[in-house]
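Chemist: The following file, my_file00.cif, comprises mmCIF, C-alpha atoms:
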```cif
data_structure
#
loop_
_atom_site.label_atom_id
_atom_site.label_comp_id
_atom_site.auth_asym_id
_atom_site.auth_seq_id
_atom_site.Cartn_x
_atom_site.Cartn_y
_atom_site.Cartn_z
CA THR A 1 109.55 104.96 140.85
CA PRO A 2 108.10 106.61 137.72
CA PHE A 3 110.46 107.63 134.95
CA LEU A 4 110.05 110.95 133.17
CA ASN A 5 112.46 110.16 130.36
CA TYR A 6 112.21 106.39 130.15
CA THR A 7 113.29 104.88 126.82
CA LYS A 8 113.16 101.23 125.92
CA PRO A 9 116.65 99.66 126.23
CA GLN A 10 118.37 98.80 122.96
CA SER A 11 119.88 95.42 122.23
CA ILE A 12 122.69 94.63 124.70
CA SER A 13 125.29 91.93 124.25
CA CYS A 14 126.28 91.46 127.90
CA PRO A 15 124.14 88.67 129.51
CA CYS A 16 123.89 90.49 132.85
CA LEU A 17 122.78 93.71 131.21
CA SER A 18 120.36 91.80 129.01
CA PHE A 19 118.76 90.32 132.14
CA LEU A 20 118.56 93.81 133.69
CA SER A 21 116.96 95.05 130.48
CA LEU A 22 114.23 92.42 130.77
CA ILE A 23 113.54 93.46 134.35
CA LEU A 24 113.30 97.12 133.38
CA GLN A 25 110.93 96.32 130.53
CA SER A 26 108.67 94.44 132.93
CA VAL A 27 108.35 97.45 135.28
CA PRO A 28 105.03 99.23 134.62
CA ILE A 29 105.53 102.82 133.50
CA HIS A 30 102.82 105.08 134.87
CA PHE A 31 101.49 107.80 132.62
CA LEU A 32 99.84 110.90 133.94
CA HIS A 33 96.43 112.43 133.50
CA VAL A 34 97.02 116.18 133.79
CA LEU A 35 94.24 118.75 134.16
CA TYR A 36 95.29 122.31 133.25
CA TYR A 37 93.07 124.98 134.84
CA CYS A 38 93.79 128.18 132.95
CA ARG A 39 91.34 130.95 132.13
CA GLU A 40 93.93 132.73 129.98
CA TYR A 41 93.91 129.85 127.50
CA PHE A 42 90.55 131.08 126.20
CA VAL A 43 91.14 134.83 125.97
CA ARG A 44 92.39 136.90 123.03
CA TYR A 45 95.05 139.01 124.71
CA GLY A 46 98.70 138.13 125.02
CA ALA A 47 98.51 135.90 128.09
CA ARG A 48 96.98 133.11 126.06
CA THR A 49 100.15 132.47 124.01
CA HIS A 50 102.06 131.09 126.98
CA ALA A 51 99.05 129.00 128.03
CA ARG A 52 98.47 127.53 124.59
CA GLU A 53 102.09 126.77 123.86
CA PHE A 54 102.55 125.14 127.28
CA PHE A 55 99.43 123.00 126.92
CA ALA A 56 100.32 121.91 123.38
CA ALA A 57 103.69 120.66 124.63
CA LEU A 58 102.03 119.04 127.64
CA GLN A 59 99.73 117.03 125.37
CA LYS A 60 102.70 115.72 123.36
CA HIS A 61 104.89 114.81 126.31
CA GLU A 62 105.71 111.11 126.56
CA ARG A 63 105.02 111.12 130.30
CA VAL A 64 101.41 112.28 129.77
CA SER A 65 98.74 109.86 128.58
CA ALA A 66 95.96 112.47 128.65
CA ALA A 67 95.77 116.22 129.18
CA LYS A 68 92.73 118.46 129.38
CA VAL A 69 92.36 122.24 129.71
CA ILE A 70 89.42 124.00 131.35
CA GLY A 71 88.86 127.69 131.99
CA GLY A 72 85.95 128.04 134.37
CA ALA A 73 83.30 129.14 131.87
CA GLN A 74 85.85 131.08 129.79
CA GLU A 75 85.51 128.32 127.21
CA ASP A 76 82.21 129.76 126.00
CA ALA A 77 83.09 133.45 126.28
CA GLY A 78 86.63 133.61 124.94
CA PHE A 79 86.68 134.10 121.19
CA ASN A 80 83.38 135.97 120.89
CA ASP A 81 84.14 138.38 123.68
CA LYS A 82 84.16 141.95 122.29
CA ASP A 83 86.50 143.01 125.09
CA GLN A 84 89.34 140.92 123.72
CA PHE A 85 92.14 142.60 125.68
CA GLY A 86 90.78 142.21 129.18
CA ARG A 87 88.68 144.39 131.43
CA GLN A 88 88.52 148.13 130.78
CA LYS A 89 89.43 150.19 133.84
CA PRO A 90 87.13 152.99 135.02
CA GLN A 91 88.28 156.46 133.94
CA SER A 92 86.91 158.39 136.92
CA ARG A 93 89.24 158.61 139.93
CA LEU A 94 86.36 157.92 142.32
CA PHE A 95 85.05 154.94 140.37
CA SER A 96 88.60 153.66 139.94
CA ALA A 97 89.13 153.70 143.72
CA LEU A 98 85.81 151.95 144.35
CA ASP A 99 86.66 149.41 141.67
CA ARG A 100 89.94 148.58 143.40
CA TYR A 101 88.25 147.88 146.73
CA LYS A 102 85.61 145.80 144.99
CA ARG A 103 88.27 143.72 143.24
CA VAL A 104 90.17 143.17 146.50
CA VAL A 105 87.02 141.78 148.09
CA ARG A 106 86.33 139.60 145.06
CA TYR A 107 89.90 138.29 145.21
CA LEU A 108 89.64 137.41 148.89
CA ILE A 109 86.38 135.52 148.47
CA PRO A 110 86.95 132.29 146.49
CA LYS A 111 84.40 131.45 143.83
CA LYS A 112 82.25 128.50 144.85
CA VAL A 113 81.09 127.82 141.31
CA LEU A 114 84.69 127.61 140.09
CA THR A 115 85.62 125.38 143.03
CA ASP A 116 82.81 122.95 142.26
CA LEU A 117 83.66 123.00 138.56
CA LEU A 118 87.33 122.21 139.17
CA ILE A 119 86.63 119.39 141.63
CA GLU A 120 84.05 117.82 139.33
CA ALA A 121 86.31 118.09 136.28
CA ALA A 122 89.25 116.55 138.16
CA ARG A 123 87.15 113.62 139.34
CA ASP A 124 85.60 113.02 135.92
CA PHE A 125 89.01 113.16 134.27
CA GLN A 126 90.56 110.93 136.98
CA CYS A 127 93.57 113.22 136.97
CA ASP A 128 96.82 112.66 138.82
CA VAL A 129 97.91 116.30 138.57
CA ILE A 130 96.18 119.67 138.49
CA ILE A 131 98.29 122.51 137.12
CA ALA A 132 96.44 125.74 137.90
CA ARG A 133 97.52 129.07 136.46
CA LEU A 134 96.83 131.78 139.01
CA GLY A 135 95.95 135.31 138.06
CA GLY A 136 93.38 137.98 138.63
CA ILE A 137 90.36 137.67 140.89
CA HIS A 138 88.73 134.54 139.49
CA ASN A 139 90.06 131.88 141.85
CA PRO A 140 88.55 128.66 143.18
CA ASP A 141 88.90 127.76 146.84
CA TYR A 142 92.06 125.70 146.48
CA ARG A 143 91.99 124.61 150.12
CA ARG A 144 88.66 122.97 149.44
CA VAL A 145 90.07 121.48 146.24
CA ARG A 146 93.01 120.10 148.23
CA LYS A 147 90.67 118.55 150.80
CA ALA A 148 88.36 117.06 148.18
CA LEU A 149 91.22 115.61 146.11
CA PRO A 150 93.88 114.46 148.60
CA ASN A 151 95.53 112.08 146.12
CA VAL A 152 95.94 114.62 143.35
CA SER A 153 99.14 116.67 143.10
CA LEU A 154 98.35 120.38 142.96
CA CYS A 155 100.79 122.66 141.14
CA PHE A 156 100.39 126.44 140.82
CA GLU A 157 101.76 128.30 137.82
CA ILE A 158 102.46 131.89 138.86
CA ASN A 159 103.59 134.34 136.19
CA ALA A 160 102.82 137.44 138.27
CA ALA A 161 101.76 138.05 141.85
CA HIS A 162 98.43 139.88 141.78
CA PHE A 163 99.23 142.39 144.54
CA ASP A 164 102.77 142.98 143.30
CA GLU A 165 101.78 143.72 139.70
CA ALA A 166 98.97 146.08 140.70
CA TYR A 167 97.84 148.11 143.71
CA SER A 168 101.17 149.94 143.98
CA GLN A 169 99.56 152.83 145.93
CA PHE A 170 97.09 150.72 147.90
CA TRP A 171 97.40 151.27 151.66
CA LEU A 172 96.83 147.60 152.53
CA ARG A 173 99.20 146.31 149.88
CA ASN A 174 101.77 144.66 152.18
CA THR A 175 99.08 142.82 154.11
CA LEU A 176 97.40 141.68 150.90
CA GLN A 177 100.71 140.45 149.50
CA ARG A 178 101.35 138.26 152.55
CA LEU A 179 97.78 136.97 152.49
CA GLU A 180 98.06 136.16 148.79
CA VAL A 181 101.24 134.14 149.30
CA ARG A 182 99.69 132.33 152.25
CA ASN A 183 96.93 131.21 149.90
CA PHE A 184 99.56 129.85 147.53
CA GLU A 185 100.97 127.54 150.20
CA VAL A 186 98.18 124.99 149.75
CA ALA A 187 99.89 123.83 146.54
CA ASP A 188 102.28 120.88 146.56
CA SER A 189 104.53 122.64 144.07
CA VAL A 190 104.81 126.02 142.40
CA THR A 191 106.39 127.22 139.17
CA VAL A 192 107.37 130.84 138.49
CA VAL A 193 108.94 132.56 135.47
CA SER A 194 111.78 134.35 137.25
CA THR A 195 113.99 134.31 140.32
CA TYR A 196 112.47 137.68 141.21
CA LEU A 197 109.08 136.00 141.66
CA ARG A 198 110.57 133.09 143.59
CA ASP A 199 112.30 135.44 146.00
CA TYR A 200 109.10 137.48 146.31
CA LEU A 201 107.25 134.35 147.45
CA VAL A 202 110.03 133.16 149.76
CA GLU A 203 110.28 136.57 151.47
CA ARG A 204 106.58 136.25 152.32
CA GLY A 205 106.83 132.81 153.83
CA MET A 206 106.72 130.18 151.09
CA ALA A 207 109.16 127.27 151.27
CA LYS A 208 111.85 127.74 148.65
CA ALA A 209 112.12 124.00 147.99
CA LYS A 210 108.65 123.77 146.49
CA ILE A 211 109.29 126.55 143.93
CA LEU A 212 110.66 125.93 140.44
CA VAL A 213 112.00 128.83 138.40
CA ASN A 214 110.90 127.91 134.88
CA HIS A 215 111.42 130.57 132.25
CA ASN A 216 109.39 130.88 129.08
CA GLY A 217 109.92 128.88 125.92
CA VAL A 218 109.53 128.75 122.17
CA ASP A 219 107.96 126.44 119.60
CA ALA A 220 111.08 125.80 117.52
CA ASP A 221 109.20 124.47 114.51
CA LEU A 222 106.69 127.34 114.41
CA PHE A 223 109.33 130.06 114.62
CA ARG A 224 111.48 128.62 111.85
CA PRO A 225 108.83 128.51 109.10
CA LYS A 226 109.69 126.70 105.89
CA GLU A 227 107.42 129.01 103.91
CA LEU A 228 105.51 132.22 104.52
CA ASP A 229 102.02 132.04 105.94
CA PRO A 230 99.65 133.37 103.23
CA GLU A 231 98.02 135.71 105.75
CA SER A 232 101.34 137.47 106.30
CA ARG A 233 101.85 138.53 102.69
CA PRO A 234 99.53 141.59 102.64
CA ILE A 235 101.36 142.94 105.70
CA LEU A 236 104.84 142.23 104.34
CA GLN A 237 104.02 143.96 101.06
CA LYS A 238 103.60 147.24 102.96
CA ILE A 239 107.25 147.25 104.04
CA PRO A 240 109.72 148.91 101.62
CA ASP A 241 112.26 146.52 100.10
CA ASN A 242 115.27 148.59 101.20
CA ALA A 243 114.07 149.15 104.79
CA PHE A 244 116.05 148.18 107.87
CA VAL A 245 113.15 146.79 109.91
CA LEU A 246 112.91 147.16 113.69
CA GLY A 247 110.16 144.82 114.86
CA TYR A 248 108.15 144.86 118.07
CA VAL A 249 105.64 142.11 118.88
CA GLY A 250 103.53 142.22 122.03
CA GLY A 251 101.00 144.06 124.10
CA MET A 252 100.55 147.75 124.69
CA GLU A 253 100.50 148.04 128.45
CA ALA A 254 102.07 151.16 129.96
CA PHE A 255 105.04 149.28 131.46
CA ARG A 256 106.23 148.36 127.94
CA ARG A 257 106.88 152.08 127.32
CA LEU A 258 106.11 152.00 123.61
CA PRO A 259 105.75 155.80 123.33
CA LEU A 260 109.41 156.09 124.41
CA LEU A 261 110.46 153.44 121.87
CA ILE A 262 108.54 155.25 119.09
CA ARG A 263 110.13 158.58 119.97
CA GLN A 264 113.62 157.06 119.99
CA VAL A 265 113.17 155.49 116.55
CA ALA A 266 111.92 158.83 115.22
CA GLU A 267 115.02 160.56 116.65
CA LEU A 268 117.28 158.01 114.95
CA ARG A 269 115.62 158.66 111.61
CA GLN A 270 116.02 162.42 112.08
CA SER A 271 119.72 161.93 112.85
CA GLY A 272 120.39 160.25 109.50
CA TYR A 273 119.18 156.66 109.76
CA GLU A 274 116.40 157.19 107.26
CA ASP A 275 116.15 153.53 106.22
CA LEU A 276 114.78 152.53 109.66
CA PHE A 277 111.24 151.15 109.52
CA LEU A 278 109.25 150.32 112.65
CA LEU A 279 106.89 147.32 112.58
CA ILE A 280 104.55 147.09 115.59
CA VAL A 281 102.59 143.85 115.87
CA GLY A 282 99.95 143.55 118.59
CA SER A 283 97.32 145.54 120.36
CA GLY A 284 95.84 146.29 123.75
CA ARG A 285 94.01 148.78 125.88
CA ASP A 286 96.56 151.52 125.17
CA GLU A 287 96.11 151.47 121.38
CA ALA A 288 95.01 155.10 121.35
CA VAL A 289 98.10 156.16 123.31
CA ILE A 290 100.36 154.40 120.81
CA ASP A 291 98.61 155.96 117.82
CA GLN A 292 98.96 159.37 119.43
CA ALA A 293 102.68 158.78 120.06
CA ILE A 294 103.15 157.92 116.38
CA ALA A 295 101.17 160.96 115.23
CA GLU A 296 103.21 163.28 117.47
CA GLN A 297 106.39 162.41 115.56
CA GLY A 298 104.92 163.88 112.39
CA THR A 299 107.15 163.61 109.33
CA ALA A 300 109.90 161.86 111.31
CA LEU A 301 107.96 158.61 111.03
CA GLN A 302 106.01 159.37 107.88
CA ASP A 303 105.66 156.19 105.78
CA SER A 304 108.13 154.43 108.08
CA VAL A 305 105.92 152.80 110.71
CA LEU A 306 103.36 150.02 110.35
CA ARG A 307 101.06 149.00 113.18
CA THR A 308 99.24 145.77 112.33
CA GLY A 309 96.88 145.56 115.30
CA TRP A 310 96.05 142.18 116.79
CA ILE A 311 96.91 139.19 114.60
CA SER A 312 96.85 135.43 115.13
CA HIS A 313 99.96 133.96 116.72
CA HIS A 314 100.66 131.61 113.81
CA ILE A 315 101.24 134.60 111.48
CA VAL A 316 103.95 136.18 113.67
CA PRO A 317 106.87 133.90 112.61
CA SER A 318 106.37 134.81 108.95
CA LEU A 319 106.40 138.52 109.80
CA LEU A 320 109.63 138.07 111.74
CA THR A 321 111.38 136.82 108.60
CA ARG A 322 111.41 140.46 107.42
CA VAL A 323 112.77 141.89 110.70
CA ASN A 324 116.41 142.92 110.99
CA VAL A 325 116.42 143.71 114.72
CA ALA A 326 113.68 142.56 117.12
CA LEU A 327 112.73 144.90 119.95
CA PHE A 328 111.51 144.37 123.48
CA PRO A 329 113.62 146.92 125.34
CA TYR A 330 111.39 147.86 128.29
CA THR A 331 109.40 145.85 130.82
CA ASN A 332 108.89 145.31 134.56
CA PRO A 333 111.52 143.57 136.75
CA TYR A 334 109.79 140.20 137.26
CA CYS A 335 108.74 139.59 133.65
CA SER A 336 110.36 136.80 131.63
CA PRO A 337 109.34 138.16 128.21
CA LEU A 338 107.98 135.38 126.02
CA LYS A 339 108.78 137.42 122.92
CA LEU A 340 112.53 137.32 123.62
CA PHE A 341 112.48 133.53 123.43
CA GLU A 342 110.46 133.66 120.21
CA TYR A 343 112.68 136.32 118.63
CA LEU A 344 115.80 134.36 119.43
CA GLY A 345 114.22 131.07 118.38
CA ALA A 346 113.60 132.71 115.01
CA GLY A 347 117.31 133.59 114.78
CA LEU A 348 116.97 137.37 115.11
CA ALA A 349 119.32 139.92 116.57
CA CYS A 350 117.46 141.29 119.55
CA ILE A 351 117.44 144.25 121.93
CA GLY A 352 115.92 143.19 125.24
CA PRO A 353 115.42 144.82 128.64
CA ASP A 354 118.27 145.01 131.14
CA THR A 355 116.26 143.54 134.02
CA PRO A 356 117.08 140.82 136.58
CA ALA A 357 114.69 138.26 135.08
CA VAL A 358 116.27 138.64 131.64
CA ARG A 359 119.89 138.72 132.85
CA GLU A 360 119.47 135.40 134.63
CA VAL A 361 118.87 133.73 131.24
CA PHE A 362 120.66 135.84 128.64
CA THR A 363 124.07 137.53 128.56
CA HIS A 364 124.55 141.01 127.12
CA ASN A 365 126.57 141.08 123.89
CA VAL A 366 126.52 137.29 123.75
CA HIS A 367 122.90 136.32 123.12
CA LEU A 368 121.36 139.80 122.65
CA LEU A 369 121.90 143.43 123.59
CA LEU A 370 120.33 144.70 126.82
CA ALA A 371 118.75 148.15 127.02
CA ALA A 372 118.99 150.22 130.19
CA GLN A 373 115.55 150.91 131.60
CA ASP A 374 116.17 154.66 131.63
CA GLY A 375 116.39 154.55 127.83
CA SER A 376 119.97 155.81 127.77
CA ASN A 377 121.59 153.23 125.46
CA PHE A 378 118.76 151.95 123.27
CA LYS A 379 119.57 154.18 120.28
CA GLN A 380 123.26 153.24 120.41
CA HIS A 381 122.33 149.54 120.33
CA VAL A 382 120.28 150.11 117.18
CA ILE A 383 123.14 152.06 115.60
CA ASP A 384 125.66 149.31 116.43
CA LEU A 385 123.54 146.50 114.96
CA HIS A 386 122.69 148.61 111.92
CA ALA A 387 126.37 149.33 111.26
CA ASP A 388 127.73 145.80 111.78
CA PRO A 389 125.56 143.05 110.20
CA GLY A 390 128.24 140.46 110.95
CA ARG A 391 128.12 141.19 114.66
CA ALA A 392 124.32 141.13 114.57
CA ARG A 393 124.33 137.70 112.90
CA ALA A 394 126.82 136.30 115.43
CA ILE A 395 124.76 137.50 118.39
CA ALA A 396 121.57 136.15 116.81
CA THR A 397 123.18 132.75 116.20
CA ARG A 398 124.36 132.40 119.79
CA GLY A 399 120.97 133.47 121.11
CA GLN A 400 119.19 130.97 118.91
CA GLU A 401 121.49 128.14 119.95
CA LEU A 402 120.81 128.83 123.62
CA VAL A 403 117.05 129.04 123.26
CA LEU A 404 116.66 125.97 121.05
CA SER A 405 118.87 123.86 123.33
CA LYS A 406 117.36 124.82 126.70
CA TYR A 407 114.15 126.80 126.31
CA THR A 408 111.76 124.98 124.00
CA TRP A 409 108.26 124.35 125.31
CA ARG A 410 109.01 120.65 125.51
CA GLU A 411 111.88 121.35 127.90
CA ASN A 412 109.62 123.74 129.80
CA VAL A 413 107.00 121.01 130.34
CA ASN A 414 109.65 118.45 131.18
CA ARG A 415 110.99 120.67 133.97
CA VAL A 416 107.48 121.17 135.36
CA LEU A 417 106.65 117.45 135.39
CA SER A 418 110.02 116.57 136.92
CA HIS A 419 109.48 119.15 139.66
CA ILE A 420 105.96 117.94 140.39
CA GLU A 421 107.14 114.36 140.63
CA GLN A 422 110.11 115.22 142.83
CA ILE A 423 107.95 117.13 145.29
CA ALA A 424 105.29 114.41 145.26
CA SER A 425 107.83 111.69 146.00
CA LEU A 426 109.31 113.68 148.90
CA GLN A 427 106.16 115.02 150.54
CA HIS A 428 103.38 112.62 149.67
CA PRO A 429 103.98 108.86 149.82
CA ARG A 430 101.02 108.20 147.54
CA ASP A 431 100.99 106.27 144.27
CA PHE A 432 101.83 109.14 141.95
CA GLY A 433 100.66 108.33 138.43
CA SER A 434 98.45 105.44 139.48
CA LYS A 435 98.13 102.20 137.55
CA LYS A 436 94.76 103.17 136.18
CA HIS A 437 96.66 105.12 133.51
CA GLU A 438 99.10 102.47 132.25
CA SER A 439 98.11 102.97 128.64
CA GLY A 440 100.70 104.55 126.36
CA ALA A 441 100.96 108.25 125.75
CA THR A 442 98.50 109.77 123.30
#
```
Written as structure tokens, that's how I'd like the structure from this file.
Modeler:
Amino acid sequence: TPFLNYTKPQSISCPCLSFLSLILQSVPIHFLHVLYYCREYFVRYGARTHAREFFAALQKHERVSAAKVIGGAQEDAGFNDKDQFGRQKPQSRLFSALDRYKRVVRYLIPKKVLTDLLIEAARDFQCDVIIARLGGIHNPDYRRVRKALPNVSLCFEINAAHFDEAYSQFWLRNTLQRLEVRNFEVADSVTVVSTYLRDYLVERGMAKAKILVNHNGVDADLFRPKELDPESRPILQKIPDNAFVLGYVGGMEAFRRLPLLIRQVAELRQSGYEDLFLLIVGSGRDEAVIDQAIAEQGTALQDSVLRTGWISHHIVPSLLTRVNVALFPYTNPYCSPLKLFEYLGAGLACIGPDTPAVREVFTHNVHLLLAAQDGSNFKQHVIDLHADPGRARAIATRGQELVLSKYTWRENVNRVLSHIEQIASLQHPRDFGSKKHESGAT
């Protein structure tokens, strides 16, 4: 049986245990070749952070001798793509409706070229495991992949169900949701970022036993920088020395409700909290909406808001060193916000969303403060943390301890590999992690 956390036995004085130690050391430990199929790894919008952090930890894991990432032709288009935040939606109502039908058809028809690419890459790499991140309409025919590679464990990473996240007013939505989940069933194992997503899949017919709820993580070293990144200094110099900084890092999709957040900060400043300064790091398709929301506040936010636009991920930890309270108060119910884990890993007091996916990891007033999704208590949370720095530090410390003990990317990868192995040993009596990979981890 393969060991995920095998360590060489130390010197043992007992003769019987010493003999057992020799036997254990003679057992070959199989190391895995893991192929990560993930188009998001090569894009420039927020989805790539999770993909890159996960893959970096996968490469370093002691159970993995080799790991490779492919993106189905995204490799060549990613960083030079002018549309760095994903596809622009048609503005016309008619063209928008036609576009939706077109995308449904494209989703339902697997891409032969991607199927061939994935099968060829898996064979060339001699992989034991394929971890495929599902999303959007660019999907291989995984049933054909399964048939072509019967001895390879297939794991799906699902961070959002396509027909749950979108198509809310689409008349065939329920049918498409069931069909989507049926397509997921070809996988040996599945990982999701929240119990909400697991239950969504189970309600539509997927076996609960094959699903792992695996929340997001943090790179502990990156988010506790020993010195400031030089690229962060010009941004930090724009923040007044005496400011109480509220920091938001992330995308600008409508469900994040940034215009509401901006208005609430402006109202706090007008009510006497004039030292509040709002730092917004990130970008997205709704940039113009955010700029308009800032402009509408007029003098209430004059010289007290800084929007950086898109910046490289490695700069973010240095910017967070100047933040007093980190913000991510609004999101959708299934989302496990990556930024919460990064905020808390950095040791910041945080206001997060009061949603099921967040509550299953973090406790209100213990690890962070949770904001009602109707916006009713957000301003009071800011006031409380502003007034009581000691309480803010205590909450931040407990949040950081939780995240660094249970939710690093290494632990994230370890849970995935353990789940894949457990399912493989129960469902497929094949030689998982075959002897062709007995070299040590790289």
Chemist: Check the smallest atom-to-atom distance from each of A:Leu369, A:Phe42, A:Ala394, A:Ala346 to A:Lys226 using only C-alpha atoms, then report the winner.
Modeler: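 Of all the options, A:Ala346 lies closest to A:Lys226.
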Chemist: Quick one: apply the PyMOL selection byres ((chain A and resi 321-324) around 6) to the file and drop the selected residues here as JSON, numbers by chain.
Modeler: {"A": [245, 247, 318, 319, 320, 325]}
Chemist: Residues within 12 Å of A:Ala148, please, as a compact mmCIF listing (two decimals) with C-alpha atoms, in the frame of the given file. Count all atoms listed in the file; anything in the same chain fewer than 5 positions from it doesn't count.
Modeler:
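Generated output (part_10.txt):
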```txt
# COMPACT_ATOMS: atom_id res chain seq x y z
CA THR A 115 85.62 125.38 143.03
CA ASP A 116 82.81 122.95 142.26
CA LEU A 118 87.33 122.21 139.17
CA ILE A 119 86.63 119.39 141.63
CA GLU A 120 84.05 117.82 139.33
CA ALA A 122 89.25 116.55 138.16
CA ARG A 123 87.15 113.62 139.34
CA ASP A 141 88.90 127.76 146.84
CA TYR A 142 92.06 125.70 146.48
CA ARG A 143 91.99 124.61 150.12
CA SER A 153 99.14 116.67 143.10
CA LEU A 154 98.35 120.38 142.96
```
Chemist: In the coordinates of the file, take the point (98.0, 120.8, 129.8) and a cut-off of 8 Å; then, counting all atoms listed in the file, name each qualifying protein, DNA or RNA residue as a list in words.
Modeler: Val34, Leu35, Tyr36, Phe54, Phe55, Ala56, Ala57, Leu58, Gln59, Ala67, Lys68, Val69 and Ile131 of chain A
Chemist: Output C-alpha atoms for every residue in the selection just made, as a PDB file, in the frame of the given file.
Modeler:
```
ATOM      1  CA  VAL A  34      97.020 116.180 133.790  1.00  0.00           C
ATOM      2  CA  LEU A  35      94.240 118.750 134.160  1.00  0.00           C
ATOM      3  CA  TYR A  36      95.290 122.310 133.250  1.00  0.00           C
ATOM      4  CA  PHE A  54     102.550 125.140 127.280  1.00  0.00           C
ATOM      5  CA  PHE A  55      99.430 123.000 126.920  1.00  0.00           C
ATOM      6  CA  ALA A  56     100.320 121.910 123.380  1.00  0.00           C
ATOM      7  CA  ALA A  57     103.690 120.660 124.630  1.00  0.00           C
ATOM      8  CA  LEU A  58     102.030 119.040 127.640  1.00  0.00           C
ATOM      9  CA  GLN A  59      99.730 117.030 125.370  1.00  0.00           C
ATOM     10  CA  ALA A  67      95.770 116.220 129.180  1.00  0.00           C
ATOM     11  CA  LYS A  68      92.730 118.460 129.380  1.00  0.00           C
ATOM     12  CA  VAL A  69      92.360 122.240 129.710  1.00  0.00           C
ATOM     13  CA  ILE A 131      98.290 122.510 137.120  1.00  0.00           C
TER      14      ILE A 131
END
```
Chemist: Within 12 Å of (113.1, 155.1, 119.5) in the file's own coordinates, which protein, DNA or RNA residues have an atom, counting all atoms listed in the file? List them as number ranges by chain.
Modeler: A: 246-248, 257-271, 273, 276-278, 293-294, 297, 300-301, 305, 327-330, 351, 371, 375-383
Chemist: Using all atoms listed in the file, which residue out of A:Arg307, A:Lys208, A:His215, A:His313 lies closest to A:Ile235?
Modeler: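 Nearest candidate to A:Ile235 out of A:Arg307, A:Lys208, A:His215, A:His313: A:Arg307.
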Chemist: What gap, in Å, lies between atom CA of A:Thr299 and atom CA of A:Ile239?
Modeler: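 Separating atom CA of A:Thr299 from atom CA of A:Ile239 is a distance of 17.2 Å.
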Chemist: Pick the closest to A:Phe255 from A:Cys335, A:Val152, A:Ile130, A:Leu236: which is it, counting only C-alpha atoms?
Modeler: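 Using only C-alpha atoms, A:Phe255 sits closest to A:Cys335.
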Chemist: Tell me which of A:Arg410, A:Leu306, A:Pro317, A:Gln422 sits closest to A:Lys60, counting all atoms listed in the file.
Modeler: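 For A:Lys60, the nearest of the given residues is A:Arg410.
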Chemist: Expanded to explicit residues, what is the PyMOL selection byres ((chain A and resi 345) around 10) for this file, as a list in words?
Modeler: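 Written out, the selection comes to Gly217, Val218, Asp219, Ala220, Asp221, Leu222, Phe223, Arg224, Pro317, Lys339, Leu340, Phe341, Glu342, Tyr343, Leu344, Ala346, Gly347, Leu348, Ala396, Thr397, Gly399, Gln400, Glu401, Leu402, Val403, Leu404, Ser405, Tyr407 and Thr408 of chain A.
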Chemist: What residues come out when you apply the PyMOL selection byres ((chain A and resi 312) around 12) to this file, written as an mmCIF file with C-alpha atoms, keeping the file's coordinate frame?
Modeler:
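Saved result, expr_12.cif, follows:
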```cif
data_model
loop_
_atom_site.group_PDB
_atom_site.id
_atom_site.type_symbol
_atom_site.label_atom_id
_atom_site.label_comp_id
_atom_site.auth_asym_id
_atom_site.auth_seq_id
_atom_site.Cartn_x
_atom_site.Cartn_y
_atom_site.Cartn_z
ATOM 1 C CA ARG A 44 92.390 136.900 123.030
ATOM 2 C CA TYR A 45 95.050 139.010 124.710
ATOM 3 C CA GLY A 46 98.700 138.130 125.020
ATOM 4 C CA ARG A 48 96.980 133.110 126.060
ATOM 5 C CA THR A 49 100.150 132.470 124.010
ATOM 6 C CA PHE A 79 86.680 134.100 121.190
ATOM 7 C CA ASP A 229 102.020 132.040 105.940
ATOM 8 C CA GLU A 231 98.020 135.710 105.750
ATOM 9 C CA SER A 232 101.340 137.470 106.300
ATOM 10 C CA VAL A 249 105.640 142.110 118.880
ATOM 11 C CA GLY A 250 103.530 142.220 122.030
ATOM 12 C CA VAL A 281 102.590 143.850 115.870
ATOM 13 C CA GLY A 282 99.950 143.550 118.590
ATOM 14 C CA SER A 283 97.320 145.540 120.360
ATOM 15 C CA THR A 308 99.240 145.770 112.330
ATOM 16 C CA GLY A 309 96.880 145.560 115.300
ATOM 17 C CA TRP A 310 96.050 142.180 116.790
ATOM 18 C CA ILE A 311 96.910 139.190 114.600
ATOM 19 C CA HIS A 313 99.960 133.960 116.720
ATOM 20 C CA HIS A 314 100.660 131.610 113.810
ATOM 21 C CA ILE A 315 101.240 134.600 111.480
ATOM 22 C CA VAL A 316 103.950 136.180 113.670
ATOM 23 C CA PRO A 317 106.870 133.900 112.610
ATOM 24 C CA SER A 318 106.370 134.810 108.950
ATOM 25 C CA LEU A 319 106.400 138.520 109.800
#
```
Chemist: One number please: atom CA of A:Glu157 to atom CA of A:Lys210, in Å, one decimal.
Modeler: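 Here the two named atoms are 12.0 Å from each other.
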Chemist: Would you please work out which residue, of A:Leu32, A:Cys38, A:Ala51, A:Ala160, is nearest to A:Leu114 when using all atoms listed in the file?
Modeler: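 Among the listed residues, A:Cys38 lies closest to A:Leu114.
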Chemist: State, in Å with one decimal place, the distance from atom CA of A:Arg204 to atom CA of A:Asp354.
Modeler: 25.7 Å
Chemist: Can you pull out every residue within 9 Å of A:Asp188, counting all atoms listed in the file, but drop anything in the same chain fewer than 3 positions away, and send it as a CSV table (one decimal) with C-alpha atoms, in the coordinates of the input?
Modeler:
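Below is the file that was written, around-v8.csv:
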```
chain,number,residue,atom,x,y,z
A,153,SER,CA,99.1,116.7,143.1
A,154,LEU,CA,98.4,120.4,143.0
A,155,CYS,CA,100.8,122.7,141.1
A,156,PHE,CA,100.4,126.4,140.8
A,185,GLU,CA,101.0,127.5,150.2
A,210,LYS,CA,108.6,123.8,146.5
A,420,ILE,CA,106.0,117.9,140.4
A,423,ILE,CA,108.0,117.1,145.3
A,424,ALA,CA,105.3,114.4,145.3
A,427,GLN,CA,106.2,115.0,150.5
A,428,HIS,CA,103.4,112.6,149.7
```
